[in-house]
Every structure is written in C-alpha cells, then in structure tokens.
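Notes follow the structure.
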Amino acid sequence: MTDLTQKIIKQILAVPKGKVSSYRDVAARAGLPNGARQTVRVLHTMSEKYNLPWYRIVRSNGTIALGEGAGKELQIKLLRSEKVKVSEDGRIDIVKYGI
C-alpha cells in the first residue's frame, strides 16, 4: 500500500459518525489536491478490507454519487441511521453535516 493510500484511508476513517465529507476534501486533507478520483479508487477497492465508512463520503455538492440500485438506497439508509438528514433524491446539506 502506498503512503498516499494510507493517508486517504486515515482521512476517511476520521469522518465521524453523523458527518460527511467529499471525495475532493478527503483527498485534499490527505495532501492530494485534485485527487477526488484517488479517493474513489481507495473506497472502491478497500472499503471492505479496512471497514471504511464509505457511506460518509459524498460529492462536494452534497449529493450521493451512487445510482439507483447501485448502493444509493443503502447509503441513504446508513446516513439516516446516523441522524444525517438526506433528501429523497439523495442530497445532504454539506454545510451542516460536512467536516
């Protein structure tokens, strides 16, 4: 595992229960400006192995990236279980719930 991957994992794990962060912001805090796609890659390949709270990571505009039938419903359910208000179309107030 690369040092950058470890930093991204650390930032994902740092998102507390009841909060969200964006792919872009996770990458920036890990020291990789413009690295949102790297965050996506880490989440896609390592979420299960490292028990990452993947559902707490959303787009920078507060929307859920996953589509209908591809995990969106589960992500909404998990976020709501942590008291994050999610609209029916999968939008989160990133100012209120973001870190």
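A note on labels: chains of the structure tokens are A, B, ... as shown, every chain counts residues from 1, and ligands are counted from 1 in their shown order.
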
Next item on the list: Just list the residues in chain A DSSP gives strand (DSSP E or B) on the backbone, as a VMD selection string.
Entry: chain A and resid 20 to 22 57 to 58 63 86 91 to 92 98

I need the chosen residues saved as a PDB file, in the first residue's frame, with N, CA and C atoms.
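Written out: part.pdb:
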```
ATOM      1  N   VAL A  20     -20.387  13.958   7.121  1.00  0.00           N
ATOM      2  CA  VAL A  20     -19.961  13.506   5.802  1.00  0.00           C
ATOM      3  C   VAL A  20     -18.767  14.350   5.355  1.00  0.00           C
ATOM      4  N   SER A  21     -18.093  13.857   4.344  1.00  0.00           N
ATOM      5  CA  SER A  21     -17.031  14.611   3.688  1.00  0.00           C
ATOM      6  C   SER A  21     -17.116  14.302   2.203  1.00  0.00           C
ATOM      7  N   SER A  22     -16.478  15.116   1.415  1.00  0.00           N
ATOM      8  CA  SER A  22     -16.499  14.883  -0.031  1.00  0.00           C
ATOM      9  C   SER A  22     -15.237  14.150  -0.469  1.00  0.00           C
ATOM     10  N   ILE A  57     -18.913   9.429   2.581  1.00  0.00           N
ATOM     11  CA  ILE A  57     -18.220  10.206   1.553  1.00  0.00           C
ATOM     12  C   ILE A  57     -19.174  10.454   0.390  1.00  0.00           C
ATOM     13  N   VAL A  58     -19.350  11.732   0.059  1.00  0.00           N
ATOM     14  CA  VAL A  58     -20.303  12.152  -0.969  1.00  0.00           C
ATOM     15  C   VAL A  58     -19.630  13.142  -1.921  1.00  0.00           C
ATOM     16  N   THR A  63     -24.336  15.632  -2.912  1.00  0.00           N
ATOM     17  CA  THR A  63     -25.158  14.566  -3.474  1.00  0.00           C
ATOM     18  C   THR A  63     -24.436  13.226  -3.400  1.00  0.00           C
ATOM     19  N   VAL A  86     -31.081  13.283   4.853  1.00  0.00           N
ATOM     20  CA  VAL A  86     -30.849  13.064   3.423  1.00  0.00           C
ATOM     21  C   VAL A  86     -32.192  13.219   2.717  1.00  0.00           C
ATOM     22  N   ARG A  91     -29.679  14.102  -1.390  1.00  0.00           N
ATOM     23  CA  ARG A  91     -28.906  15.330  -1.172  1.00  0.00           C
ATOM     24  C   ARG A  91     -28.744  15.585   0.324  1.00  0.00           C
ATOM     25  N   ILE A  92     -27.516  15.970   0.701  1.00  0.00           N
ATOM     26  CA  ILE A  92     -27.171  16.256   2.090  1.00  0.00           C
ATOM     27  C   ILE A  92     -26.719  17.700   2.178  1.00  0.00           C
ATOM     28  N   GLY A  98     -21.144  18.473   6.871  1.00  0.00           N
ATOM     29  CA  GLY A  98     -19.767  18.255   6.405  1.00  0.00           C
ATOM     30  C   GLY A  98     -18.726  18.569   7.451  1.00  0.00           C
TER      31      GLY A  98
END
```

Would you list the contacts of region 42-55 of chain A as a compact mmCIF listing (two decimals) with N, CA, C and O atoms, in the first residue's frame, taking every protein, DNA or RNA residue within 7 Å and counting only C-alpha atoms, but skipping same-chain residues closer than 5 positions in sequence?
```
# COMPACT_ATOMS: atom_id res chain seq x y z
N THR A 5 -2.17 6.21 -0.28
CA THR A 5 -3.35 5.40 0.02
C THR A 5 -3.59 5.36 1.53
O THR A 5 -4.72 5.49 2.00
N ILE A 12 -10.51 9.11 5.58
CA ILE A 12 -11.85 8.53 5.52
C ILE A 12 -12.28 8.07 6.91
O ILE A 12 -13.40 8.32 7.35
N LEU A 13 -11.37 7.42 7.62
CA LEU A 13 -11.67 6.94 8.97
C LEU A 13 -11.89 8.08 9.96
O LEU A 13 -12.54 7.89 10.99
N GLN A 75 -26.76 3.64 1.08
CA GLN A 75 -26.02 4.80 1.59
C GLN A 75 -26.97 5.76 2.31
O GLN A 75 -26.66 6.23 3.40
N LEU A 78 -27.92 4.17 5.69
CA LEU A 78 -26.83 4.23 6.67
C LEU A 78 -26.62 5.65 7.19
O LEU A 78 -26.41 5.85 8.40
N LEU A 79 -26.69 6.63 6.32
CA LEU A 79 -26.54 8.02 6.76
C LEU A 79 -27.68 8.42 7.68
O LEU A 79 -27.46 9.04 8.73
```

Next item on the list: Please identify which residues in chain A DSSP calls alpha helix (DSSP H) from the backbone, and express them as a PyMOL selection string.
Entry: chain A and resi 3-13+23-29+36-46+72-81+94-97

Check: Between CA of Glu88 (chain A) and CA of Asp25 (chain A), what is the spacing in Å?
Finding: 24.2 Å

Next item on the list: In Å, rounded to a single decimal, give me how far CA of Tyr23 (chain A) is from CA of Ser87 (chain A).
Entry: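 Calculated distance between CA of Ser87 (chain A) and CA of Tyr23 (chain A) is 19.6 Å.
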
Next item on the list: Counting only C-alpha atoms, figure out which residue out of A:Pro33, A:Val40, A:Glu82, A:Pro16 gets nearest to Leu66 (chain A).
Entry: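 Closest residue, counting only C-alpha atoms: A:Val40.
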